[in-house]
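So the structure is just underneath, and the comments pick up after that.
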Amino acid sequence: MPKYMLLIYGAAEGGPSAEEMPAEHQKWNEYTASLRAADAGLVGDQLRGVDEATTVRVVDGETQITDGPFAVTKELLAGYYIMDCPDLDVALGHAARAPIVTHGSVEVRPVFVYPAG
Amino acid sequence: MSPGDGRRADVGVPAAAAERAFREARAGVLAVLIRQVGDFQLAEDAVQDAFAAAVATWPRDGVPANPAAWITTAARRRAIDRLRRTRSLADRTDRLAQLARLDSQEHAVDGEQSAVEDDRLRLVFTCCHPALALPARTALTLRMLGGLTTGEIARAFLVSETTMGQRISRAKAKIAGAGIPYRVPTDDVLPDRLRGVLAVVYLIFNEGYSAAAGERLVRGELCSEAIRLGRLLARLMPDDAEVLGLLALMLLHDARRDARVDEIGRYVGLDEQDRTRWDQGRIREGLRLLEQAVRRRRPGSYQLQAAITALQVEAPSPEQTDWVEIAALYSRLAELERSPVVELNRAVAVGFAAGPTAGLDLLGPLLEDPRLAGYQPLHAAHAELLRRCGDVAAAAAAYGRAIELSANVVERAELEQRLRALVQD
């Protein structure tokens, strides 16, 4: 079965307040549980903030390490899921239910599958 | 190659007849074959192979009694050959086994109409899938479901054949790589997806309909193709009111296609058109479809637009147009579709129904909207209403703005003519 990665992007500014946090966690827990019900082999994580991101490049043999994410945009990668879905429509259906979609977005990427043998 | 079909009595046909029979059968065959082989490109290549076989043998042996079944069988065998040769496909063995199974079954199954129609519907929804960019959707729909070649589609959209070819192959690659399914969407997303399909068909129609005079011949084909697609959808989904409404709308517009241009290629507005040049057959068909749609009691924007167009074409003369009813229909359309274009048309209709002052009142908020400052039709309509109110100075200023904003030579000439007439009066 094809594998898809759901990349969870949240707005760089704003986000839930401290009071809203428990409810927000609850929503994500329920969402993750629903994905696991569809695919027991679900993999996924929330990422820590981009303040703690470090980007590495090697330019002309020299390793360059810079503070911050690969690109600073209005929406930043906040987490991901990897799961089996029969086709893109099923994956898009899961993505559309993510608690983030009203104020962020979910990018759905098919995972490359190497031919057997 | 002889997939064992009965031949027509008229053995020996010109290559052109073979090609015509093939073109007619192609879309249906592709639809079936894509499901069977599970890949757009492979299906297309195999159908192309079958075409070569048909061109070689049909002129000699005659066109088979059921060309679609013949091509399907021939193409499936070519697909099997091609699959055997490729090593890159991960699930090659499964596919080959499935195809071999299909091939051993009775060939008559291939031509079965209801199965073909199911596959056509799958093809429609896959080509119009929202995961594809809009230009790719229109191109793929025309290539897969219509009768146009890549070169013809390229000319109609005014891009090079290379660009169009790349656009289509990228779309096919995304369908395969991203796993866009080959099926009619599930009920929860079906209304949304169907709206998307109708939007693609209407976009194709408008590309052809709004073409400037010099481009008319080549782009007129887009109108015909859109109507063909509309008929296909009406056949596949006859219970959907908006499907019928869209077909009615396209037919009612298309009925006036020839009358919109005079002998020397100039644009002719609705009021000045020679009504005897309107295609009465199309008008009757459009009106009949609209009636069928309205009986479903599921109003929608295509039905409302068709009803508005119907009132315009049914009027014996421009003066006898039922503007009160048209204005009422635009109000209902504005409730469904918040768009400045609808608002503008509503203001124009009200201007005819209740007088120019009432029209100007509705235009007010649009004129204050900075996003519409560069929208030429707004200023042209504003000028027209001001002129009818007798405010010559303000009308002249509005015509001036409309002329500045006009990018179309024919349209600008028309506006300049109106400005001159205003100043002379």
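We label chains A, B, ... in the order they appear in the structure tokens, count residues from 1 in each chain, and number ligands from 1 in the order shown.
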Which residues of chain B are close to chain A, meaning at most 6 Å apart when you count only C-alpha atoms, and how do they look as a ChimeraX atom specification?
/B:90,178-181
Give the helix (DSSP H, G or I) residues of segment 160-386 of chain B, as assigned by DSSP on the backbone, as a PyMOL selection string.
chain B and resi 161-178+190-209+213-236+241-254+258-260+270-272+275-277+280-295+301-314+318-320+323-336+340-353+356-368+370-372+376-386
Exercise: Arg231 of chain B partners within 12 Å, only C-alpha atoms, chain neighbours under 6 positions left out, as a PyMOL selection string:
chain B and resi 145-146+198+201+224-225+237-238+243-251+285-286+289
Output N, CA and C atoms for every residue in that selection, as a short mmCIF file (atom, residue, chain, number, x, y, z; two decimals), in the first residue's frame.
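Produced file result.cif, reproduced below:
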data_model
loop_
_atom_site.label_atom_id
_atom_site.label_comp_id
_atom_site.auth_asym_id
_atom_site.auth_seq_id
_atom_site.Cartn_x
_atom_site.Cartn_y
_atom_site.Cartn_z
N LEU B 145 -10.49 12.86 -22.61
CA LEU B 145 -11.93 12.67 -22.82
C LEU B 145 -12.43 13.28 -24.11
N GLY B 146 -11.70 14.25 -24.61
CA GLY B 146 -12.12 14.92 -25.83
C GLY B 146 -11.47 14.27 -27.04
N LEU B 198 -17.44 20.46 -13.13
CA LEU B 198 -18.25 21.39 -13.91
C LEU B 198 -17.46 22.68 -14.17
N VAL B 201 -15.10 22.13 -17.08
CA VAL B 201 -15.80 22.12 -18.37
C VAL B 201 -16.20 23.54 -18.77
N SER B 224 -17.04 23.53 -28.71
CA SER B 224 -17.63 22.25 -29.15
C SER B 224 -17.21 21.13 -28.21
N GLU B 225 -15.93 21.13 -27.83
CA GLU B 225 -15.44 20.08 -26.93
C GLU B 225 -16.12 20.19 -25.57
N MET B 237 -24.59 11.52 -15.46
CA MET B 237 -25.19 11.95 -14.18
C MET B 237 -26.49 12.73 -14.46
N PRO B 238 -27.48 12.04 -15.04
CA PRO B 238 -28.69 12.74 -15.49
C PRO B 238 -29.55 13.29 -14.35
N VAL B 243 -25.56 19.73 -13.47
CA VAL B 243 -24.97 19.15 -14.67
C VAL B 243 -25.81 19.55 -15.89
N LEU B 244 -27.13 19.41 -15.75
CA LEU B 244 -28.04 19.80 -16.84
C LEU B 244 -28.01 21.32 -17.03
N GLY B 245 -27.94 22.05 -15.92
CA GLY B 245 -27.92 23.51 -15.98
C GLY B 245 -26.70 24.03 -16.74
N LEU B 246 -25.54 23.42 -16.50
CA LEU B 246 -24.33 23.85 -17.20
C LEU B 246 -24.44 23.58 -18.70
N LEU B 247 -24.95 22.40 -19.06
CA LEU B 247 -25.09 22.08 -20.49
C LEU B 247 -26.06 23.06 -21.14
N ALA B 248 -27.17 23.35 -20.45
CA ALA B 248 -28.14 24.32 -20.98
C ALA B 248 -27.47 25.67 -21.19
N LEU B 249 -26.71 26.12 -20.18
CA LEU B 249 -26.03 27.42 -20.25
C LEU B 249 -25.09 27.48 -21.45
N MET B 250 -24.30 26.43 -21.64
CA MET B 250 -23.32 26.43 -22.74
C MET B 250 -24.05 26.44 -24.09
N LEU B 251 -25.12 25.67 -24.21
CA LEU B 251 -25.85 25.61 -25.48
C LEU B 251 -26.49 26.97 -25.80
N GLU B 285 -32.80 23.06 -27.56
CA GLU B 285 -32.21 22.02 -26.71
C GLU B 285 -31.84 22.59 -25.33
N GLY B 286 -31.26 23.80 -25.35
CA GLY B 286 -30.87 24.44 -24.09
C GLY B 286 -32.09 24.70 -23.20
N LEU B 289 -33.39 21.42 -21.72
CA LEU B 289 -32.53 20.94 -20.64
C LEU B 289 -32.72 21.77 -19.37
#
Between atom CA of Glu75 of chain A and atom CA of Ala11 of chain A, what is the spacing in Å?
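Going from atom CA of Ala11 of chain A over to atom CA of Glu75 of chain A, I get 4.5 Å.
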Which residues are near segment 39-50 of chain A? Cut-off 8 Å, only C-alpha atoms, ignore same chain within fewer than 3 positions. Put them as a list in words.
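What passes the distance filter is Leu35, Arg36, Ala53, Gly68, Pro69, Leu76, Leu77, Ala78, Gly79, Tyr80, Tyr81, Ile82, Met83, Asp84 and Cys85 of chain A.
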Selected residues written out, C-alpha atoms, as a PDB file, in the first residue's frame:
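Result written to again25.pdb:
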ATOM      1  CA  LEU A  35      -5.028   7.953  12.270  1.00  0.00           C
ATOM      2  CA  ARG A  36      -3.710   4.992  14.236  1.00  0.00           C
ATOM      3  CA  ALA A  53      16.376  24.585  14.719  1.00  0.00           C
ATOM      4  CA  GLY A  68      17.314  28.691  12.398  1.00  0.00           C
ATOM      5  CA  PRO A  69      15.196  26.754   9.924  1.00  0.00           C
ATOM      6  CA  LEU A  76       6.615  26.489   9.650  1.00  0.00           C
ATOM      7  CA  LEU A  77       6.930  22.735   9.944  1.00  0.00           C
ATOM      8  CA  ALA A  78       5.536  21.735  13.336  1.00  0.00           C
ATOM      9  CA  GLY A  79       5.221  17.971  13.040  1.00  0.00           C
ATOM     10  CA  TYR A  80       4.607  15.041  10.746  1.00  0.00           C
ATOM     11  CA  TYR A  81       2.873  11.705  10.324  1.00  0.00           C
ATOM     12  CA  ILE A  82       3.840   8.840   8.022  1.00  0.00           C
ATOM     13  CA  MET A  83       1.107   6.346   7.240  1.00  0.00           C
ATOM     14  CA  ASP A  84      -0.200   3.820   4.729  1.00  0.00           C
ATOM     15  CA  CYS A  85      -3.234   4.918   2.699  1.00  0.00           C
TER      16      CYS A  85
END
Excluding Glu24 of chain B and residues on its chain fewer than 4 positions from it, collect all residues at most 12 Å away from it, counting only C-alpha atoms, and give them as a PyMOL selection string.
chain B and resi 17-20+28-30+66-68+71+145-148+228
Only N, CA and C atoms, please: the residues just picked out, written as a PDB file, in the first residue's frame.
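The result, written out as result16.pdb:
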ATOM      1  N   ALA B  17     -11.571   6.902 -42.900  1.00  0.00           N
ATOM      2  CA  ALA B  17     -12.715   6.316 -42.195  1.00  0.00           C
ATOM      3  C   ALA B  17     -12.235   5.526 -40.989  1.00  0.00           C
ATOM      4  N   ALA B  18     -11.117   4.811 -41.172  1.00  0.00           N
ATOM      5  CA  ALA B  18     -10.545   4.063 -40.056  1.00  0.00           C
ATOM      6  C   ALA B  18     -10.153   5.027 -38.942  1.00  0.00           C
ATOM      7  N   GLU B  19      -9.559   6.153 -39.350  1.00  0.00           N
ATOM      8  CA  GLU B  19      -9.118   7.118 -38.349  1.00  0.00           C
ATOM      9  C   GLU B  19     -10.302   7.733 -37.611  1.00  0.00           C
ATOM     10  N   ARG B  20     -11.394   8.010 -38.363  1.00  0.00           N
ATOM     11  CA  ARG B  20     -12.580   8.607 -37.735  1.00  0.00           C
ATOM     12  C   ARG B  20     -13.177   7.635 -36.718  1.00  0.00           C
ATOM     13  N   GLY B  28     -13.509   6.185 -24.896  1.00  0.00           N
ATOM     14  CA  GLY B  28     -14.125   5.073 -24.174  1.00  0.00           C
ATOM     15  C   GLY B  28     -13.124   3.955 -23.929  1.00  0.00           C
ATOM     16  N   VAL B  29     -12.327   3.662 -24.947  1.00  0.00           N
ATOM     17  CA  VAL B  29     -11.323   2.600 -24.829  1.00  0.00           C
ATOM     18  C   VAL B  29     -10.296   2.966 -23.763  1.00  0.00           C
ATOM     19  N   LEU B  30      -9.832   4.223 -23.818  1.00  0.00           N
ATOM     20  CA  LEU B  30      -8.846   4.681 -22.830  1.00  0.00           C
ATOM     21  C   LEU B  30      -9.386   4.527 -21.417  1.00  0.00           C
ATOM     22  N   ASN B  66     -17.667  -3.772 -34.013  1.00  0.00           N
ATOM     23  CA  ASN B  66     -17.571  -3.032 -32.764  1.00  0.00           C
ATOM     24  C   ASN B  66     -16.137  -2.516 -32.620  1.00  0.00           C
ATOM     25  N   PRO B  67     -15.861  -1.317 -33.188  1.00  0.00           N
ATOM     26  CA  PRO B  67     -14.476  -0.819 -33.188  1.00  0.00           C
ATOM     27  C   PRO B  67     -13.912  -0.693 -31.778  1.00  0.00           C
ATOM     28  N   ALA B  68     -14.754  -0.256 -30.817  1.00  0.00           N
ATOM     29  CA  ALA B  68     -14.263  -0.043 -29.453  1.00  0.00           C
ATOM     30  C   ALA B  68     -13.754  -1.352 -28.853  1.00  0.00           C
ATOM     31  N   ILE B  71     -10.450  -2.348 -30.519  1.00  0.00           N
ATOM     32  CA  ILE B  71      -9.300  -1.556 -30.061  1.00  0.00           C
ATOM     33  C   ILE B  71      -8.930  -1.929 -28.625  1.00  0.00           C
ATOM     34  N   LEU B 145     -10.493  12.855 -22.613  1.00  0.00           N
ATOM     35  CA  LEU B 145     -11.930  12.668 -22.821  1.00  0.00           C
ATOM     36  C   LEU B 145     -12.428  13.282 -24.110  1.00  0.00           C
ATOM     37  N   GLY B 146     -11.698  14.253 -24.614  1.00  0.00           N
ATOM     38  CA  GLY B 146     -12.122  14.917 -25.833  1.00  0.00           C
ATOM     39  C   GLY B 146     -11.472  14.275 -27.039  1.00  0.00           C
ATOM     40  N   GLY B 147     -11.686  14.858 -28.165  1.00  0.00           N
ATOM     41  CA  GLY B 147     -11.125  14.294 -29.382  1.00  0.00           C
ATOM     42  C   GLY B 147      -9.956  15.091 -29.921  1.00  0.00           C
ATOM     43  N   LEU B 148      -9.318  15.923 -29.066  1.00  0.00           N
ATOM     44  CA  LEU B 148      -8.253  16.795 -29.569  1.00  0.00           C
ATOM     45  C   LEU B 148      -6.877  16.190 -29.334  1.00  0.00           C
ATOM     46  N   ARG B 228     -19.521  18.832 -25.835  1.00  0.00           N
ATOM     47  CA  ARG B 228     -19.448  17.364 -25.875  1.00  0.00           C
ATOM     48  C   ARG B 228     -19.263  16.787 -24.478  1.00  0.00           C
TER      49      ARG B 228
END
Could you name the residues that touch Leu236 of chain B at 9 Å or less, counting only C-alpha atoms, but leaving out those on the same chain fewer than 5 positions away, as a VMD selection string?
chain B and resid 117 to 118 120 to 121 231
Compile the contact shell of Leu336 of chain B as a PDB file with C-alpha atoms, in the first residue's frame: residues with an atom at most 12 Å away, counting only C-alpha atoms, same-chain residues fewer than 6 positions apart removed.
ATOM      1  CA  PRO B 299     -31.304  25.402  -7.728  1.00  0.00           C
ATOM      2  CA  GLY B 300     -27.711  26.290  -8.461  1.00  0.00           C
ATOM      3  CA  SER B 301     -25.601  28.926 -10.124  1.00  0.00           C
ATOM      4  CA  TYR B 302     -25.401  27.295 -13.590  1.00  0.00           C
ATOM      5  CA  GLN B 303     -29.190  26.930 -13.705  1.00  0.00           C
ATOM      6  CA  LEU B 304     -29.627  30.586 -12.713  1.00  0.00           C
ATOM      7  CA  GLN B 305     -27.138  31.748 -15.341  1.00  0.00           C
ATOM      8  CA  LEU B 329     -32.467  36.082 -11.075  1.00  0.00           C
ATOM      9  CA  TYR B 330     -29.234  38.030 -10.588  1.00  0.00           C
ATOM     10  CA  VAL B 342     -22.341  39.017 -10.564  1.00  0.00           C
ATOM     11  CA  GLU B 343     -22.921  42.289  -8.669  1.00  0.00           C
TER      12      GLU B 343
END
May I ask for the distance between atom CA of Val106 of chain A and atom CA of Gln26 of chain A, given in Å to one decimal place?
18.9 Å
